[in-house]
Amino acid sequence: EEVTIAYFLEWPTPNQYAQATGLYEEAMGVRVNWRAFETGVQMSAAMAGGAVQIAFSQGVPPFVVASSAGMDIELAAVAVTYDDNDNCVVHESTGITAENAVELEGQRVAVPLGTAAHYGMLRQLEHFGIDPSNLSIVDLSPADGAAAMARGDVAMACGWGGGLRRMMEYGDVLLTGAEKRELGIRIFDVVSVESGFGAAHPELVASFLRVTDDMNQRFQSDREAMAPVIAEAAGMDMEGTNATLDAFGFPLIEEQLGPEWLGGGLQAFLLEVAEFFVEQGTIESALESYEGVVNTAYMNMAAEM
Amino acid sequence: MTLLAIYVALLALIWALTAFLSLRIRQRDGFTTRKTVTFGDESAVRPSRVASVASVLVIFLIWGAFTGSAWTFIHAPAEWQMRPIWLPPPENVWHRLISIANDGYRNFTLWEHLSISIWRVLAGFFLGALVGIPLGFAMGLNNFLRGWFDPIVEFMRPVPPLALIPLVIIWFGIDEKAKIILLFLAALWIMAIAARAGVAGVALSKVHAAYSLGASKAQILRHVIVPNALPEIFTGARVAMGVCWGTVVAAELVAAEKGAGFTIMVASRFMQTDIVLMGIILIGIIGYSIDMAMRTAERFLVPWKGRG
Amino acid sequence: MTLLAIYVALLALIWALTAFLSLRIRQRDGFTTRKTVTFGDESAVRPSRVASVASVLVIFLIWGAFTGSAWTFIHAPAEWQMRPIWLPPPENVWHRLISIANDGYRNFTLWEHLSISIWRVLAGFFLGALVGIPLGFAMGLNNFLRGWFDPIVEFMRPVPPLALIPLVIIWFGIDEKAKIILLFLAALWIMAIAARAGVAGVALSKVHAAYSLGASKAQILRHVIVPNALPEIFTGARVAMGVCWGTVVAAELVAAEKGAGFTIMVASRFMQTDIVLMGIILIGIIGYSIDMAMRTAERFLVPWKGRG
Amino acid sequence: MADLRIENLSMTFSLPNGSKIEALKDVSLTIGDGEIVSVLGPSGCGKTTLLNILAGFLAPTEGSVRLGDKPVTGPDRSRGMVFQQGALFEWMSVAKNVGFGPRMAGRKRAEIDSRVDALLDTVGLQGFGDKAVYELSGGMQQRVALARCLANDPEVILMDEPLGALDALTREKMQGLVLKLWKDTGKTIVLITHSVEEALLLGERLIVMAPRPGRIHAEYRLPFAEKGVGEDLRAIKRLPEFSARRDEILEMIWEMEEEIMGRSEVAT
Amino acid sequence: MADLRIENLSMTFSLPNGSKIEALKDVSLTIGDGEIVSVLGPSGCGKTTLLNILAGFLAPTEGSVRLGDKPVTGPDRSRGMVFQQGALFEWMSVAKNVGFGPRMAGRKRAEIDSRVDALLDTVGLQGFGDKAVYELSGGMQQRVALARCLANDPEVILMDEPLGALDALTREKMQGLVLKLWKDTGKTIVLITHSVEEALLLGERLIVMAPRPGRIHAEYRLPFAEKGVGEDLRAIKRLPEFSARRDEILEMIWEMEEEIMGRSEVAT
Ligand SMILES: Nc1ncnc2c1ncn2[C@@H]1O[C@H](COP(=O)(O)OP(=O)(O)OP(=O)(O)O)[C@@H](O)[C@H]1O
Ligand SMILES: Nc1ncnc2c1ncn2[C@@H]1O[C@H](COP(=O)(O)OP(=O)(O)OP(=O)(O)O)[C@@H](O)[C@H]1O
Ligand SMILES: [Mg+2]
Ligand SMILES: [Mg+2]
């Protein structure tokens, strides 16, 4: 018996220490395969195909899209919050900043459709009063977006992680993470589980969450020792890893079970995102409520362990 | 698996039924029926119309029955029903087609999505033919140019044009120009090889006849070699068009802002299976139409094909 | 543009030089040389070896000269030099090949990247042939099955296999199974059509001869129709292999964790142009080798091809 | 063995455009056991159609064919065929081709081998058993076809222009072989040809057919097949009566063809 | 107009494997102005090679060809060719094919048209000018080839088995046409054939060639071409001297071929 877990490259998180040192296998008692993906959308596809059981750090929008479309997928926990590590960068040659953002109209923009970056971009455009249909939106992964930016093919590119850092070499963000938070744009990733697997092996999911939480706790005290291992597992250099980790937040179990997250805030936010997407015409319909796709049982079990 | 079993069972059932019925209804008198042995004689195989109709009906029936379609009267038990994200009922695909045709998808109308892809194919193909055909002729007519271009053509021919996408992205970015260059490269070698084969296919007696009728080299090229190579070039053009159509779809899967391939790729991101199906069907229809159009053009433009 | 001009200038120069020299050095005596008119006579075109060698050298020379390669002695002025992210010097590509062959790329060795792609192609092709060939025979031998499958095959044939990627992603995800199913679909129709054409190509006189020698239907299928269709099937297999190779590269561009297509796609994201070039060259070499292997297999397995 | 009785045979083909072609109309003929009959006639007069009906590949629209007392309803090993060319199985060696019939009938390996060897001897291809058929010249290929047909020991051998694709000298040699085989085996042979000389040489009886509708136009009884054996065919061709017959038949065919071609040229 | 003088012609082909084939060896022949010569010989004796040298497509390894006082060094409109088949331009109408030579020479439109009409009349294809060549029968296509060749008014017409692909009756008619054209235009004609009858009928002189090395084996001077015109070819064939000549030449060829075939069969 084995479990396959989806993760991102260039996306350093404390639990990669456990990934690298085999702590998950130890705790879960099964073989654990790790598969790297580029977008949360692909993680959904892989879960649909049965190739992956748990996705660690899937973006909210891909989760909303998949669950709204009726895929058998459950939200088990929050993985990482990163308002500053997911953003849109405007090419410096355009001279566009938050002041004259409307000048983006008619320009070409690279964004990985259906991801947190896409959601963040749409919300920012809404804030600036720009109609997305006036932009020429190209579907590119963050890495591709950075490459397009380097060539000067696009005026703005959105993305996260390594791609975002490369984009920053050619321009600057429109809004900072803090500014976005003020507008109610929350950017975080979740741990999602294929429902069939979750129903059959809740204890595996719970012990996965337990180990992850252990790592998050240990990270607060023992960052120096863990960072090199994490950097290695994420495929990054130390400098980039540290910069990224600084921008990340890893809420612990107690906090997650609180009202801001699994206690109700998360479900409400999912509905908000879904309704925004419906309004934008990116998906047909939202669920009545997202209570049903958020399963707090795993987290409760993990808290007990 | 269950689906496959049901499909095969229906096939067998209808086959048996047809065989039984045709024992009773005598087929119309025709020369095939006078043959005592028809097994192994492909010319005696007449595709059964009943089977064709039944085949299409059965596919729709199964599709409808397992997706709870309002269009079919039979429905599979609820626990076997597919959910629309896996397979939407046929009417969804149809309604989606209508709504997208009216309202567009991702800021562009359906027609814009399709026509940009078609335009890219035509532009790339046209440029490829423009360079490839003279190149092929040069290779077929001259020792030096044959030697010069042979290694290049032989190496580039087996490289799938799609493998060039990353390089084309680096060199030319992701805009229109890049896609057209990619399609140009897809068409170029095919057209060059077709033109070269066309030259090779000229019967020597025709060239000799032209010489002894006093034609100059230029006249032989213009009046003998070119017309003689046209049928080959047309065959190459049909292949090239097919390859270009496949290439443009793939290129749009990787990077685009509109186009037929873009539509299905994005729809698959959002689990809009009805749009994906609609797109695939439209891509198939366009591919089929391109092929038909080329065949028709061939019949009109080179009526002498295969008659030499 | 400048590059193109330089290239054409070199071509012209070497051509003129060769022509001048060969006026002096008489070509070795051969029957072609007794022909008074060779223009338009493709059989008299001997690819000039000098030109082939010159052609390859010129490409390397230009490549090296404009990228400041240590391998070439001539260098373009500094302001014309390309930066390595646009075009790395040839030695970079070579060193990259060696380093990746030793250390791997993205957690997998070079060999793993290439062999997984090749394995996918072989598995998909094999399954496609396994289903497609019997399907084609059924269509060539039976009225009912011909009628049943004709509309399906005719519709699926012009659909580029790549257009199915989004649907395959929704239905089967993005793992090995999905890719092999995609390649299976790419090979299936080509093999079915080839087998059907093979049956159609059996000379009626052979079938009749077998009948009057007392062979049963099963014996005719086994001893006459199958061997007779093999050459066609091989031709189809060569086409299918080419299409599969292109399809796997494209499928890996869209979603994969390793593979030849994955390598070049990821490298292009990070502007590692040397890896992209290396990958394209390797893909070309593998494509070429597959084609050569198929030809060799054909010569050994169906030596009677075209000799009927 | 038994007579081949052709009674009131008619064959009408319906074309897709609705018109009909009377490829054969009311043809009756009896070919005795062990007789060799040659059939001559212009293109399109129904020779191949007739042979196909005799072989059992086509069912006539009217009339019947009987071999002895069995009606002919389909192909059978009792009626062997030799085609003009291209009917050998090029994926088999010469020996495998010759042994095809017995192999399909499930004969024993040793029995087949010895039979094949004997037949290769008969047709003058000793030692060629392991060659691929496409390595042989046209004449040798027809020898293989003859041997393959004989391997099944059929009662009747039907030949459709078996020597039509051979050059003059090879053809002459093969004519000798056909005559020799006929004499040695005593088979009933029906042989279609376009060559008047060949028809004269190889037919005990010569049937001349006429087209539209396909029918028997004339019939001759000839002495040359009985006389000629092996190598003295050339001597027979020099006989004055041979020349006389040839001129007579040529004249007759010219007249017939002229009449038909005249008609057809108006038609087109 | 002038004589066609062939002097000590030799042609050796080097094969890729290094061996050499003497397709022609030391062939000398003079063909008078307005003469019609037929060339007969077994396959591979160098007939086509000879014709290609006369046409100027091949340069001989030794010897020379002169037409009048001009040496032959390449193809030229003064020497027209008629091939067995497949040399018509199927993408042009009949009239365009016939007018090809004058059109390439830049003649005036009206002049070409009237010339084409006259030639179509001559070869019996009035009213077929607008047809596509592939709609015509084989015999009609050869008429077009003849007309196309004549349109350039060449001094010599070279024909390589021009009637080889036609059926017996059509062939007979075309033989009549060739003779008629020869008489009407007075052209020098060299005609290659495999048919002894045709060679006898159409040659004032008959050259028999032998292979390995390709050379002239025998030469006959014949009266039949002079006599025969149009439709009475058949009467000529019935003449006793015609039969006698035919038998004589057949005998000679048989012996030659036998000797060669015997040799070659040992070789394989
Ligand atoms: N399958 C068919 N369908 C329609 N018409 C046919 C078919 N087979 C033969 N015919 C017609 O029947 C007539 C006789 O044909 P058949 O092949 O028997 O002539 P043949 O004497 O063998 O001619 P050839 O000497 O050219 O071989 C021809 O007019 C031909 O067009
Ligand atoms: N291009 C060539 N290269 C090598 N050998 C050749 C070439 N052309 C002809 N030969 C050889 O020269 C000899 C004479 O050939 P040629 O074609 O002149 O014969 P032919 O008398 O026309 O024969 P046929 O009656 O079959 O047309 C043959 O042995 C042939 O193989
Ligand atoms: Mg026939
Ligand atoms: Mg010849």
# chains A, B, ... in the order shown; residues from 1 in each chain; ligands from 1
$ residues_near_ligand --ligand "ligand 2" --cutoff "6 Å" --atoms "only C-alpha atoms and all ligand atoms" --output "ChimeraX atom specification"
/E:13,15,23,42-49
$ interface_residues --of "chain D" --to "chain C" --cutoff "8 Å" --atoms "only C-alpha atoms" --output "PyMOL selection string"
chain D and resi 55+57+75-83+86-91+100-101+104-105+134+149+152
$ select_by_dssp --residues "stretch 60-161 of chain A" --states "strand (DSSP E)" --output "number ranges by chain"
A: 73-81, 86-91, 108-111, 136-139, 156-160
$ residues_around --residues "C:Val239" --least-positions-apart "3" --cutoff "12 Å" --atoms "only C-alpha atoms" --output "list in words"
Pro158 and Val239 of chain B; Phe125, Ala186, Ala187, Leu188, Trp189, Ile190, Met191, Ile193, Ala194, Glu232, Ile233, Phe234, Thr235, Gly236, Gly242, Val243, Cys244, Trp245, Gly246, Gly287, Ile290, Asp291, Met294 and Arg295 of chain C
$ select_by_dssp --residues "stretch 46-148 of chain D" --states "helix (DSSP H, G or I)" --output "number ranges by chain"
D: 47-55, 94-98, 100-104, 109-122, 133-135, 138-148
$ interface_residues --of "chain D" --to "chain E" --cutoff "12 Å" --atoms "only C-alpha atoms" --output "PyMOL selection string"
chain D and resi 42-43+135-137+139-140+167-170+172-173+194-196+234-235+237-240+243-244+246-248+250-251+253-262+265+268
$ atom_distance --atom1 "atom CA of C:Gly40" --atom2 "atom CA of B:Val226"
10.2 Å
$ closest_residue --among "B:Ala51, B:Leu57, B:Ala138, B:Ala44" --to "chain C" --atoms "only C-alpha atoms"
B:Ala51
$ atom_distance --atom1 "atom CA of B:Ser43" --atom2 "atom CA of C:Ala200"
7.2 Å
$ atom_distance --atom1 "atom CA of E:Gly228" --atom2 "atom CA of E:Ala118"
23.9 Å
$ residues_around --residues "B:Lys179" --least-positions-apart "2" --cutoff "10 Å" --atoms "only C-alpha atoms" --output "list in words"
Ser117, Arg120, Val121, Ala123, Gly124, Ile165, Val168, Ile169, Phe172, Gly173, Ile174, Asp175, Glu176, Lys177, Ile181, Leu182, Leu183, Phe184, Leu185, Thr247, Val248, Ala251, Glu252, Ala255 and Ala256 of chain B
$ residues_around --residues "stretch 31-33 of chain A" --least-positions-apart "3" --cutoff "7 Å" --atoms "only C-alpha atoms" --output "PDB file with N, CA, C and O atoms, in the first residue's frame"
ATOM      1  N   GLU A   1       0.853  -1.207   0.000  1.00  0.00           N
ATOM      2  CA  GLU A   1       0.000   0.000   0.000  1.00  0.00           C
ATOM      3  C   GLU A   1       0.881   1.248   0.000  1.00  0.00           C
ATOM      4  O   GLU A   1       1.878   1.340   0.696  1.00  0.00           O
ATOM      5  N   GLU A   2       0.480   2.201  -0.818  1.00  0.00           N
ATOM      6  CA  GLU A   2       1.274   3.422  -0.890  1.00  0.00           C
ATOM      7  C   GLU A   2       0.383   4.626  -1.137  1.00  0.00           C
ATOM      8  O   GLU A   2      -0.744   4.483  -1.606  1.00  0.00           O
ATOM      9  N   VAL A   3       0.879   5.785  -0.777  1.00  0.00           N
ATOM     10  CA  VAL A   3       0.126   7.027  -0.937  1.00  0.00           C
ATOM     11  C   VAL A   3       0.979   7.969  -1.777  1.00  0.00           C
ATOM     12  O   VAL A   3       2.205   8.038  -1.600  1.00  0.00           O
ATOM     13  N   THR A   4       0.307   8.637  -2.735  1.00  0.00           N
ATOM     14  CA  THR A   4       1.049   9.610  -3.528  1.00  0.00           C
ATOM     15  C   THR A   4       0.579  11.018  -3.148  1.00  0.00           C
ATOM     16  O   THR A   4      -0.621  11.272  -3.083  1.00  0.00           O
ATOM     17  N   ILE A   5       1.547  11.862  -2.872  1.00  0.00           N
ATOM     18  CA  ILE A   5       1.233  13.210  -2.423  1.00  0.00           C
ATOM     19  C   ILE A   5       1.783  14.208  -3.431  1.00  0.00           C
ATOM     20  O   ILE A   5       2.923  14.091  -3.890  1.00  0.00           O
ATOM     21  N   GLU A  25       6.696   8.502   6.201  1.00  0.00           N
ATOM     22  CA  GLU A  25       6.596   7.043   6.096  1.00  0.00           C
ATOM     23  C   GLU A  25       6.503   6.423   7.485  1.00  0.00           C
ATOM     24  O   GLU A  25       5.684   5.550   7.737  1.00  0.00           O
TER      25      GLU A  25
END
